[in-house]
>>> print(open('my_file.tsv').read())   # TSV, C-alpha atoms
chain	number	residue	atom	x	y	z
Q	1	MET	CA	119.41	106.12	104.90
Q	2	ASP	CA	122.29	105.98	102.44
Q	3	ARG	CA	122.79	102.90	100.31
Q	4	SER	CA	125.67	101.48	102.31
Q	5	ARG	CA	123.56	101.63	105.50
Q	6	VAL	CA	120.62	99.90	103.77
Q	7	THR	CA	123.02	97.26	102.47
Q	8	ASP	CA	124.57	96.83	105.90
Q	9	LEU	CA	121.16	96.28	107.46
Q	10	TYR	CA	119.58	93.98	104.90
Q	11	PHE	CA	122.19	92.31	102.68
Q	12	ALA	CA	122.67	89.20	104.80
Q	13	GLU	CA	118.94	88.61	105.03
Q	14	ALA	CA	118.44	89.17	101.28
Q	15	ARG	CA	121.36	86.85	100.49
Q	16	SER	CA	119.84	84.14	102.65
Q	17	LYS	CA	116.43	84.47	100.96
Q	18	LEU	CA	118.09	84.46	97.52
Q	19	ILE	CA	119.90	81.20	98.23
Q	20	ASP	CA	116.71	79.67	99.64
Q	21	LEU	CA	114.96	80.64	96.40
Q	22	ALA	CA	117.77	79.16	94.31
Q	23	ALA	CA	117.62	75.93	96.29
Q	24	PHE	CA	113.85	75.81	95.83
Q	25	LEU	CA	114.26	76.13	92.05
Q	26	ASP	CA	116.88	73.35	92.12
Q	27	ARG	CA	114.44	71.18	94.10
Q	28	VAL	CA	111.66	71.81	91.61
Q	29	GLU	CA	113.94	71.00	88.67
Q	30	ARG	CA	115.06	67.74	90.27
Q	31	SER	CA	111.42	66.69	90.49
Q	32	ASP	CA	109.31	65.14	87.72
Q	33	GLY	CA	106.50	66.76	85.74
Q	34	PRO	CA	105.70	70.10	84.12
Q	35	ASP	CA	105.47	73.53	85.79
Q	36	ASP	CA	102.00	74.55	86.89
Q	37	PHE	CA	100.63	78.12	86.83
Q	38	ARG	CA	102.42	78.97	90.08
Q	39	MET	CA	105.86	78.10	88.76
Q	40	LYS	CA	105.17	79.88	85.47
Q	41	SER	CA	104.25	83.00	87.43
Q	42	LEU	CA	107.30	82.67	89.65
Q	43	ARG	CA	109.65	82.37	86.68
Q	44	ALA	CA	108.09	85.50	85.13
Q	45	ALA	CA	108.52	87.30	88.45
Q	46	LEU	CA	112.20	86.37	88.48
Q	47	MET	CA	112.59	88.04	85.08
Q	48	GLU	CA	111.00	91.17	86.58
Q	49	LEU	CA	113.55	91.14	89.39
Q	50	GLY	CA	116.32	91.46	86.84
Q	51	THR	CA	114.76	94.50	85.16
Q	52	PRO	CA	116.15	97.85	86.33
Q	53	GLY	CA	113.60	100.28	87.80
Q	54	PRO	CA	111.54	101.11	90.88
Q	55	GLU	CA	108.55	99.39	92.51
Q	56	LYS	CA	109.72	95.82	92.03
Q	57	ALA	CA	107.61	94.54	94.95
Q	58	ARG	CA	104.48	96.19	93.55
Q	59	LYS	CA	105.14	94.89	90.02
Q	60	ILE	CA	105.70	91.34	91.24
Q	61	LEU	CA	102.57	91.42	93.40
Q	62	LEU	CA	100.59	92.57	90.37
Q	63	LEU	CA	102.17	89.87	88.21
Q	64	LEU	CA	100.96	87.27	90.73
Q	65	SER	CA	97.46	88.80	90.94
Q	66	ASP	CA	94.15	88.10	89.24
Q	67	PRO	CA	93.93	91.11	86.86
Q	68	THR	CA	90.19	90.74	86.18
Q	69	LYS	CA	87.40	92.57	87.99
Q	70	GLU	CA	84.42	90.31	87.29
Q	71	PRO	CA	83.18	88.50	90.44
Q	72	ILE	CA	83.33	84.71	90.27
Q	73	ALA	CA	80.06	82.78	90.35
Q	74	GLU	CA	80.79	80.92	93.58
Q	75	ALA	CA	83.69	80.54	96.00
Q	76	GLY	CA	84.67	76.88	95.87
Q	77	ALA	CA	87.85	76.75	97.92
Q	78	LYS	CA	88.45	79.21	100.76
Q	79	SER	CA	92.23	79.44	100.40
Q	80	ALA	CA	94.45	81.20	97.85
Q	81	GLY	CA	97.24	79.54	95.88
Q	82	GLY	CA	99.62	82.47	95.57
Q	83	ALA	CA	99.36	83.02	91.83
Q	84	TRP	CA	96.57	83.59	89.32
Q	85	THR	CA	95.44	80.38	87.64
Q	86	GLY	CA	94.92	82.24	84.37
Q	87	PHE	CA	98.55	83.30	84.04
I	1	MET	CA	107.35	101.51	124.19
I	2	ARG	CA	103.55	101.62	124.09
I	3	TYR	CA	101.29	100.37	121.34
I	4	ILE	CA	97.73	99.44	120.50
I	5	GLU	CA	97.12	96.08	118.82
I	6	PRO	CA	94.17	96.97	116.60
I	7	HIS	CA	93.62	93.54	115.04
I	8	ALA	CA	94.17	90.28	116.89
I	9	HIS	CA	92.08	87.11	117.13
I	10	MET	CA	92.74	86.46	120.78
I	11	VAL	CA	90.16	83.67	121.13
I	12	SER	CA	92.70	81.59	119.15
I	13	ARG	CA	95.64	82.48	121.38
I	14	VAL	CA	96.92	81.18	124.70
I	15	THR	CA	96.89	83.25	127.86
I	16	ASP	CA	100.68	83.57	127.76
I	17	ASP	CA	100.25	85.71	124.62
I	18	TYR	CA	98.29	88.26	126.65
I	19	ALA	CA	101.11	88.38	129.19
I	20	ALA	CA	103.73	88.80	126.46
I	21	MET	CA	101.78	91.57	124.71
I	22	VAL	CA	101.27	93.56	127.90
I	23	THR	CA	104.92	93.08	128.81
I	24	ALA	CA	105.87	94.49	125.40
I	25	GLY	CA	103.77	97.63	125.99
I	26	CYS	CA	100.35	96.78	124.59
I	27	ARG	CA	97.75	99.22	125.97
I	28	ALA	CA	94.62	97.88	124.22
I	29	VAL	CA	93.68	95.02	121.93
I	30	CYS	CA	90.89	94.93	119.34
I	31	GLU	CA	89.41	91.71	118.03
I	32	PRO	CA	87.40	91.58	114.79
I	33	ALA	CA	85.08	88.64	114.26
I	34	PHE	CA	86.78	85.92	112.25
I	35	TRP	CA	86.35	82.53	110.63
I	36	ALA	CA	86.86	79.68	113.10
I	37	GLY	CA	88.87	77.56	110.65
I	38	PHE	CA	85.69	75.60	109.89
I	39	ASP	CA	82.19	76.71	108.93
I	40	ARG	CA	79.84	77.20	111.86
I	41	SER	CA	76.75	75.06	111.43
I	42	SER	CA	74.12	77.52	112.67
I	43	ALA	CA	73.40	81.08	113.74
I	44	GLN	CA	73.53	79.84	117.32
I	45	GLY	CA	77.24	79.20	116.80
I	46	PHE	CA	77.67	82.88	115.93
I	47	TYR	CA	75.61	83.91	118.96
I	48	ASP	CA	77.99	82.02	121.20
I	49	TYR	CA	81.00	83.51	119.39
I	50	PHE	CA	79.66	87.05	119.75
I	51	CYS	CA	79.14	86.39	123.47
I	52	GLN	CA	82.73	85.18	123.66
I	53	LEU	CA	83.97	88.36	121.94
I	54	THR	CA	81.91	90.73	124.06
I	55	ASP	CA	81.92	89.03	127.44
I	56	HIS	CA	84.42	86.22	128.00
I	57	GLU	CA	87.42	87.57	126.09
I	58	PRO	CA	87.34	91.06	127.70
I	59	ARG	CA	87.42	89.34	131.09
I	60	ARG	CA	90.37	87.18	130.04
I	61	ALA	CA	92.27	90.28	128.88
I	62	ALA	CA	91.33	92.18	132.03
I	63	GLN	CA	93.38	89.71	134.08
I	64	PHE	CA	96.38	91.55	132.61
I	65	GLY	CA	94.88	95.03	132.83
I	66	LEU	CA	94.47	95.04	129.06
I	67	PRO	CA	91.35	96.70	127.60
I	68	HIS	CA	89.72	94.45	124.99
I	69	TYR	CA	87.45	95.69	122.19
I	70	SER	CA	85.67	93.80	119.43
I	71	TRP	CA	84.09	94.13	115.98
I	72	LEU	CA	81.20	91.93	114.84
I	73	CYS	CA	80.22	90.33	111.53
I	74	LEU	CA	80.01	87.13	109.55
I	75	ASN	CA	83.35	86.54	107.88
I	76	PRO	CA	83.43	86.54	104.05
I	77	LYS	CA	84.68	82.95	104.14
I	78	GLU	CA	81.17	81.97	105.32
I	79	ALA	CA	79.26	84.20	102.91
I	80	GLU	CA	78.32	81.49	100.42
I	81	ASN	CA	75.54	80.35	102.78
I	82	SER	CA	73.16	83.25	102.16
I	83	ALA	CA	70.44	82.03	104.51
I	84	LEU	CA	72.89	81.69	107.40
I	85	ALA	CA	74.39	85.09	106.59
I	86	ASP	CA	70.96	86.72	106.77
I	87	GLU	CA	70.28	85.09	110.16
I	88	VAL	CA	73.60	86.31	111.55
I	89	LEU	CA	73.16	89.80	110.14
I	90	ALA	CA	69.77	90.02	111.84
I	91	MET	CA	71.37	89.09	115.17
I	92	ILE	CA	74.22	91.61	115.11
I	93	PRO	CA	72.24	94.75	116.12
I	94	SER	CA	71.36	93.20	119.48
I	95	PHE	CA	75.10	93.16	120.31
I	96	LEU	CA	76.03	96.66	119.11
I	97	ASP	CA	75.28	98.33	122.44
I	98	ARG	CA	77.71	96.12	124.33
I	99	PRO	CA	80.45	98.30	125.87
I	100	ASN	CA	83.41	96.83	123.97
I	101	VAL	CA	81.87	96.69	120.47
I	102	LEU	CA	83.51	99.22	118.14
I	103	GLY	CA	81.76	98.46	114.86
I	104	ILE	CA	81.22	96.02	112.00
I	105	GLY	CA	84.19	93.89	110.96
I	106	GLU	CA	86.15	92.28	109.61
I	107	ILE	CA	83.83	92.25	106.64
I	108	GLY	CA	85.08	92.15	103.07
I	109	LEU	CA	85.84	89.59	100.39
I	110	ASN	CA	87.78	86.34	100.26
I	111	LYS	CA	87.47	84.79	96.78
I	112	ASN	CA	85.56	87.73	95.23
I	113	SER	CA	82.35	85.79	94.59
I	114	ARG	CA	78.88	87.18	93.93
I	115	ASN	CA	77.54	85.93	97.27
I	116	GLU	CA	80.50	87.45	99.13
I	117	ILE	CA	79.73	90.78	97.46
I	118	ALA	CA	76.03	90.56	98.37
I	119	VAL	CA	76.87	89.84	102.02
I	120	LEU	CA	79.45	92.63	102.09
I	121	GLU	CA	76.88	95.10	100.77
I	122	LYS	CA	74.43	94.00	103.49
I	123	HIS	CA	77.09	94.48	106.18
I	124	VAL	CA	77.86	97.96	104.85
I	125	ASP	CA	74.15	98.83	104.88
I	126	LEU	CA	73.91	97.54	108.46
I	127	ALA	CA	76.88	99.65	109.54
I	128	VAL	CA	75.45	102.78	107.92
I	129	LYS	CA	72.00	102.18	109.41
I	130	HIS	CA	73.44	101.85	112.92
I	131	ASP	CA	76.14	104.54	112.48
I	132	GLN	CA	78.93	102.01	113.02
I	133	MET	CA	82.58	102.18	112.05
I	134	ILE	CA	83.79	99.55	109.57
I	135	LEU	CA	86.85	97.28	109.47
I	136	VAL	CA	87.41	95.59	106.10
I	137	HIS	CA	89.38	92.43	105.31
I	138	THR	CA	90.92	92.28	101.84
I	139	PRO	CA	91.50	88.90	100.15
I	140	HIS	CA	94.67	86.86	100.24
I	141	LEU	CA	97.49	86.64	97.71
I	142	GLU	CA	96.36	86.55	94.06
I	143	ASP	CA	92.83	87.65	94.99
I	144	LYS	CA	93.85	90.80	96.89
I	145	TRP	CA	94.19	93.31	94.07
I	146	LYS	CA	90.89	92.40	92.45
I	147	GLY	CA	89.11	92.24	95.81
I	148	THR	CA	90.47	95.56	97.00
I	149	ARG	CA	89.23	97.31	93.87
I	150	LEU	CA	85.79	95.70	94.24
I	151	ILE	CA	85.63	96.66	97.93
I	152	ILE	CA	86.52	100.29	97.26
I	153	ASP	CA	83.81	100.45	94.58
I	154	ILE	CA	81.21	98.96	96.95
I	155	LEU	CA	82.09	101.35	99.78
I	156	ASN	CA	82.11	104.35	97.44
I	157	GLN	CA	78.70	103.39	96.06
I	158	ASN	CA	77.09	103.63	99.51
I	159	ARG	CA	76.53	107.34	100.15
I	160	GLY	CA	76.26	106.77	103.89
I	161	VAL	CA	79.85	105.58	104.20
I	162	ASP	CA	82.37	108.06	105.60
I	163	PRO	CA	85.83	106.86	104.45
I	164	ALA	CA	87.42	108.42	107.53
I	165	ARG	CA	85.52	105.87	109.66
I	166	VAL	CA	86.56	102.87	107.55
I	167	ILE	CA	89.83	100.95	107.70
I	168	ILE	CA	90.73	98.65	104.82
I	169	ASP	CA	93.12	96.09	106.21
I	170	HIS	CA	95.89	93.83	104.88
I	171	VAL	CA	97.14	96.31	102.27
I	172	GLU	CA	100.38	95.57	100.44
I	173	GLU	CA	102.53	97.48	97.97
I	174	HIS	CA	100.03	97.02	95.11
I	175	THR	CA	96.93	98.13	97.06
I	176	VAL	CA	98.00	100.70	99.67
I	177	ASP	CA	97.86	103.71	97.33
I	178	ALA	CA	94.34	102.93	96.07
I	179	VAL	CA	93.06	102.67	99.65
I	180	LEU	CA	94.70	105.89	100.85
I	181	ASP	CA	93.83	107.82	97.68
I	182	ALA	CA	90.15	106.96	98.23
I	183	GLY	CA	90.31	108.52	101.72
I	184	PHE	CA	90.15	105.32	103.76
I	185	TRP	CA	92.50	104.24	106.52
I	186	ALA	CA	94.89	101.46	105.58
I	187	GLY	CA	95.97	98.56	107.79
I	188	ILE	CA	99.26	96.76	107.25
I	189	THR	CA	99.26	93.22	108.60
I	190	LEU	CA	102.55	91.68	109.71
I	191	TYR	CA	102.72	87.97	108.98
I	192	PRO	CA	105.68	85.59	108.83
I	193	GLN	CA	104.83	84.34	105.31
I	194	SER	CA	101.83	85.95	103.63
I	195	LYS	CA	100.81	89.61	103.79
I	196	CYS	CA	103.74	91.80	104.92
I	197	THR	CA	107.07	91.63	106.73
I	198	PRO	CA	108.22	94.35	109.15
I	199	ALA	CA	110.77	95.62	106.62
I	200	ARG	CA	108.19	95.94	103.84
I	201	ALA	CA	105.72	97.61	106.19
I	202	ILE	CA	108.26	100.27	107.08
I	203	ASP	CA	109.10	100.70	103.40
I	204	MET	CA	105.45	101.56	102.73
I	205	VAL	CA	105.36	103.99	105.65
I	206	GLU	CA	108.52	105.68	104.35
I	207	ILE	CA	107.09	105.92	100.81
I	208	TYR	CA	103.48	106.90	101.56
I	209	GLY	CA	103.86	108.56	104.97
I	210	ALA	CA	102.37	107.41	108.26
I	211	ARG	CA	99.10	109.32	107.97
I	212	ARG	CA	95.99	107.07	108.08
I	213	ILE	CA	98.04	103.88	108.44
I	214	TRP	CA	98.09	101.39	111.29
I	215	LEU	CA	100.09	98.23	111.85
I	216	ASN	CA	98.59	95.03	113.21
I	217	CYS	CA	99.57	91.42	113.83
I	218	ALA	CA	96.19	89.81	113.05
I	219	CYS	CA	97.38	86.85	115.10
I	220	ASP	CA	95.03	83.88	114.90
I	221	TRP	CA	95.25	80.07	114.80
I	222	GLY	CA	97.59	80.12	111.78
I	223	HIS	CA	101.21	81.22	111.29
I	224	SER	CA	101.23	84.59	113.05
I	225	ASP	CA	103.04	86.48	115.78
I	226	PRO	CA	101.21	88.38	118.54
I	227	LEU	CA	104.33	90.53	119.05
I	228	ALA	CA	104.73	91.52	115.40
I	229	VAL	CA	103.89	95.18	116.04
I	230	PRO	CA	106.51	95.82	118.77
I	231	LYS	CA	109.05	93.84	116.72
I	232	THR	CA	108.34	96.15	113.77
I	233	ALA	CA	108.83	99.12	116.07
I	234	LEU	CA	112.29	97.77	116.88
I	235	GLU	CA	112.95	97.47	113.15
I	236	MET	CA	111.96	101.12	112.71
I	237	LYS	CA	114.33	102.07	115.49
I	238	ARG	CA	117.10	100.11	113.75
I	239	ARG	CA	116.51	102.22	110.65
I	240	GLY	CA	116.80	105.41	112.65
I	241	HIS	CA	113.18	106.45	113.03
I	242	SER	CA	112.57	108.62	116.08
I	243	GLU	CA	110.76	107.45	119.20
I	244	ALA	CA	108.05	110.02	118.45
I	245	ALA	CA	107.52	108.72	114.91
I	246	ILE	CA	107.29	105.14	116.17
I	247	ASP	CA	104.85	106.13	118.92
I	248	ARG	CA	102.74	108.02	116.41
I	249	LEU	CA	102.49	104.98	114.12
I	250	ILE	CA	101.86	102.19	116.61
I	251	TYR	CA	99.96	104.09	119.32
I	252	GLY	CA	98.79	107.48	118.07
I	253	ASN	CA	97.38	106.35	114.75
I	254	PRO	CA	95.20	103.51	116.04
I	255	LEU	CA	94.13	105.77	118.90
I	256	GLU	CA	93.09	108.45	116.37
I	257	PHE	CA	91.05	106.03	114.27
I	258	LEU	CA	89.51	103.96	117.06
I	259	GLY	CA	88.90	107.05	119.20
I	260	GLN	CA	86.25	108.13	116.71
I	261	ASN	CA	84.07	105.68	118.62
I	262	PRO	CA	83.36	107.17	122.08
I	263	LYS	CA	83.51	103.69	123.60
I	264	PHE	CA	87.25	103.56	122.87
I	265	ARG	CA	88.97	105.60	125.53
I	266	LEU	CA	92.41	105.24	127.09
I	267	ASP	CA	93.66	107.53	129.81
I	268	GLU	CA	96.93	109.48	129.44
I	269	SER	CA	99.01	106.54	130.62
I	270	GLY	CA	97.43	104.43	127.92
I	271	ARG	CA	95.25	102.42	130.28
I	272	GLU	CA	91.51	102.13	129.77
I	273	ASP	CA	89.68	105.13	131.14
I	274	LYS	CA	87.26	103.29	133.44
I	275	SER	CA	85.31	106.40	134.38
I	276	ARG	CA	84.45	107.26	130.79
I	277	ALA	CA	83.77	103.65	129.90
I	278	THR	CA	81.35	103.45	132.81
I	279	GLN	CA	79.56	106.61	131.67
I	280	LYS	CA	78.82	104.87	128.40
>>> encode(input="my_file.tsv", output="C-alpha cells")
Amino acid sequence: MDRSRVTDLYFAEARSKLIDLAAFLDRVERSDGPDDFRMKSLRAALMELGTPGPEKARKILLLLSDPTKEPIAEAGAKSAGGAWTGF
Amino acid sequence: MRYIEPHAHMVSRVTDDYAAMVTAGCRAVCEPAFWAGFDRSSAQGFYDYFCQLTDHEPRRAAQFGLPHYSWLCLNPKEAENSALADEVLAMIPSFLDRPNVLGIGEIGLNKNSRNEIAVLEKHVDLAVKHDQMILVHTPHLEDKWKGTRLIIDILNQNRGVDPARVIIDHVEEHTVDAVLDAGFWAGITLYPQSKCTPARAIDMVEIYGARRIWLNCACDWGHSDPLAVPKTALEMKRRGHSEAAIDRLIYGNPLEFLGQNPKFRLDESGREDKSRATQK
C-alpha cells in the first residue's frame, strides 16, 4: 500500500488513540504523588515514539520488557503489570 | 469465508458464541487446557476439567456441527505447587488416546519462575515420551520477552523436540522473529487490550510472511473476542490482501500444523471427516 492509502485507513484511529493517551497523561498529572515504574517506562516509550526510524513497536515492547534472563525464585503474583519493575 | 479457530477456551464462553463462530465460517475449534481464574484445589479438579475438555465440550460444539479438539496440561499459573503438578502430569497420559486430544498444551511460562521452568521441562518430556505435539503459552506483557527466550532454550535443549510440531503462541513484534528463526510455528493472539490487535497482526504477517504463522482469538473469561480471527480477515481484505492469502492464513495454516496429528481431519468442505475420525 502507498502511504496515502495507509494514512486513509488508519489516521483517524491513530488520532483517537493519541488523544486518549494525551488525556491519560493529563489525568495522571492532575493526580497527586510521584510516578511509579510504569509511568517512568511510559514516558521513556513516548521519547522513543519521537525518534525517527523503523521498528517502533518492537523497540517500545522491548523498553517495557524485563531484559534479564535469570528465572525468579518464586512466582508471587500471577498477573503482569505492563512494565518492568526494574526500569 | 472459512477459518479454523486454533486456540479458544470455550468452557468459559456462552453457547451463543458457538453459534456466532459457526455463522462466521468457523470449521473447527481447538481448546488448550487453561487456568480457571482460580487455583484448583486438587488433581481431581483437573480430572473433571480434562473430562470436560474431551467429552462435554465436544458434544456442546457438535450441536452446531463444529468439530472440537483439545490440548491437555497444567497451566504455568499453577506450576508453583510442585506436588499437584506431578499428580496432574501423571494423570495426563490416560487421556491422550481420547479422539479429540491433539497434544500437550498450553504449557509454558507465566512469571518465569524456577518451578514454572521445572514443570515446563516435565511437560516437554511427557510430550516427547508420548510423541505428542506441543502448544506453548508465552508470558504476558513485561515478562514475554524473557519468557520466550527461556522457552526456546528449554525446547532446543530437549533433543526429542521437533520444532515443526511445536507452536509458540502469543508472539508480538519483539518475539516473533526469534520463534520463527528457531523453526517453530508462531501464534498471534488477537486481544482487545493486551497481546495484539488485528492491524498489528497483519503488519507482522506482511513483514515476516505468512509461513508457519496462525492467528487465534484465545477467547476466555477475560476481555476477549471469539470472532477476532474473522474480524482480522476483514481487516486484511480492507488492506487489499487476496481471498487466497486470507484463506491460507486463517484456514490453510492451522490445517497444515494441526493436520500433523492424524486425529485432526476435516473433509474438503471444511467439516470434520467423520469416517476418518471413526477409523482412529
>>> atom_distance(input="my_file.tsv", atom1="atom CA of Glu5 of chain I", atom2="atom CA of Cys217 of chain I")
7.3 Å
>>> interface_residues(input="my_file.tsv", of="chain Q", to="chain I", cutoff="7 Å", atoms="only C-alpha atoms", output="ChimeraX atom specification")
/Q:57-58,61-62,64-69,71-75,78,80,82-84
>>> atom_distance(input="my_file.tsv", atom1="atom CA of Trp71 of chain I", atom2="atom CA of Thr197 of chain I")
24.9 Å
>>> atom_distance(input="my_file.tsv", atom1="atom CA of Ala83 of chain I", atom2="atom CA of Ser70 of chain I")
24.4 Å
>>> axis_aligned_box(input="my_file.tsv", around="segment 63-72 of chain Q", padding_each_side="3 Å", output="AutoDock Vina command-line options")
--center_x 92.7 --center_y 88.6 --center_z 88.6 --size_x 25.0 --size_y 13.9 --size_z 10.8
>>> decode(input="my_file.tsv", residues="segment 220-246 of chain I", atoms="N, CA and C atoms", output="CSV table (one decimal), in the first residue's frame")
chain,number,residue,atom,x,y,z
I,220,ASP,N,-11.5,-16.3,26.4
I,220,ASP,CA,-11.6,-17.0,27.7
I,220,ASP,C,-12.6,-16.2,28.5
I,221,TRP,N,-12.4,-16.2,29.8
I,221,TRP,CA,-13.3,-15.5,30.7
I,221,TRP,C,-13.0,-14.0,30.9
I,222,GLY,N,-11.9,-13.6,30.2
I,222,GLY,CA,-11.4,-12.2,30.3
I,222,GLY,C,-11.8,-11.4,29.1
I,223,HIS,N,-11.3,-10.2,29.0
I,223,HIS,CA,-11.5,-9.4,27.8
I,223,HIS,C,-11.0,-10.1,26.5
I,224,SER,N,-11.9,-10.5,25.7
I,224,SER,CA,-11.5,-11.3,24.5
I,224,SER,C,-12.7,-11.4,23.6
I,225,ASP,N,-12.4,-11.7,22.3
I,225,ASP,CA,-13.5,-11.7,21.3
I,225,ASP,C,-13.4,-13.0,20.5
I,226,PRO,N,-14.5,-13.8,20.6
I,226,PRO,CA,-14.4,-15.1,19.9
I,226,PRO,C,-14.4,-14.9,18.4
I,227,LEU,N,-14.8,-13.8,17.9
I,227,LEU,CA,-14.8,-13.5,16.4
I,227,LEU,C,-13.5,-12.7,16.0
I,228,ALA,N,-12.5,-12.7,16.8
I,228,ALA,CA,-11.3,-11.9,16.4
I,228,ALA,C,-10.7,-12.3,15.1
I,229,VAL,N,-10.7,-13.6,14.9
I,229,VAL,CA,-10.0,-14.1,13.6
I,229,VAL,C,-10.7,-13.7,12.4
I,230,PRO,N,-12.1,-13.9,12.3
I,230,PRO,CA,-12.8,-13.4,11.1
I,230,PRO,C,-12.7,-11.9,11.0
I,231,LYS,N,-12.7,-11.2,12.1
I,231,LYS,CA,-12.6,-9.7,12.0
I,231,LYS,C,-11.3,-9.3,11.5
I,232,THR,N,-10.2,-10.0,11.8
I,232,THR,CA,-8.9,-9.7,11.3
I,232,THR,C,-8.8,-10.1,9.8
I,233,ALA,N,-9.6,-11.1,9.4
I,233,ALA,CA,-9.6,-11.4,7.9
I,233,ALA,C,-10.3,-10.2,7.2
I,234,LEU,N,-11.3,-9.6,7.8
I,234,LEU,CA,-11.9,-8.5,7.1
I,234,LEU,C,-10.9,-7.3,7.0
I,235,GLU,N,-10.1,-7.2,8.1
I,235,GLU,CA,-9.1,-6.1,8.1
I,235,GLU,C,-8.0,-6.4,6.9
I,236,MET,N,-7.7,-7.6,6.8
I,236,MET,CA,-6.8,-8.0,5.7
I,236,MET,C,-7.4,-7.6,4.3
I,237,LYS,N,-8.7,-7.9,4.2
I,237,LYS,CA,-9.4,-7.6,2.9
I,237,LYS,C,-9.4,-6.1,2.7
I,238,ARG,N,-9.6,-5.3,3.8
I,238,ARG,CA,-9.6,-3.9,3.7
I,238,ARG,C,-8.2,-3.4,3.2
I,239,ARG,N,-7.2,-4.1,3.5
I,239,ARG,CA,-5.8,-3.7,3.1
I,239,ARG,C,-5.5,-4.2,1.7
I,240,GLY,N,-6.4,-5.0,1.1
I,240,GLY,CA,-6.1,-5.4,-0.3
I,240,GLY,C,-5.5,-6.8,-0.4
I,241,HIS,N,-5.5,-7.6,0.7
I,241,HIS,CA,-5.0,-8.9,0.6
I,241,HIS,C,-6.0,-9.8,-0.2
I,242,SER,N,-5.5,-10.8,-0.9
I,242,SER,CA,-6.4,-11.6,-1.7
I,242,SER,C,-7.2,-12.6,-0.9
I,243,GLU,N,-8.3,-13.1,-1.4
I,243,GLU,CA,-9.1,-14.1,-0.7
I,243,GLU,C,-8.2,-15.3,-0.5
I,244,ALA,N,-7.3,-15.7,-1.5
I,244,ALA,CA,-6.5,-16.9,-1.3
I,244,ALA,C,-5.5,-16.7,-0.2
I,245,ALA,N,-4.9,-15.5,-0.1
I,245,ALA,CA,-3.9,-15.2,1.0
I,245,ALA,C,-4.6,-15.3,2.4
I,246,ILE,N,-5.8,-14.7,2.4
I,246,ILE,CA,-6.6,-14.8,3.7
I,246,ILE,C,-6.9,-16.2,4.1
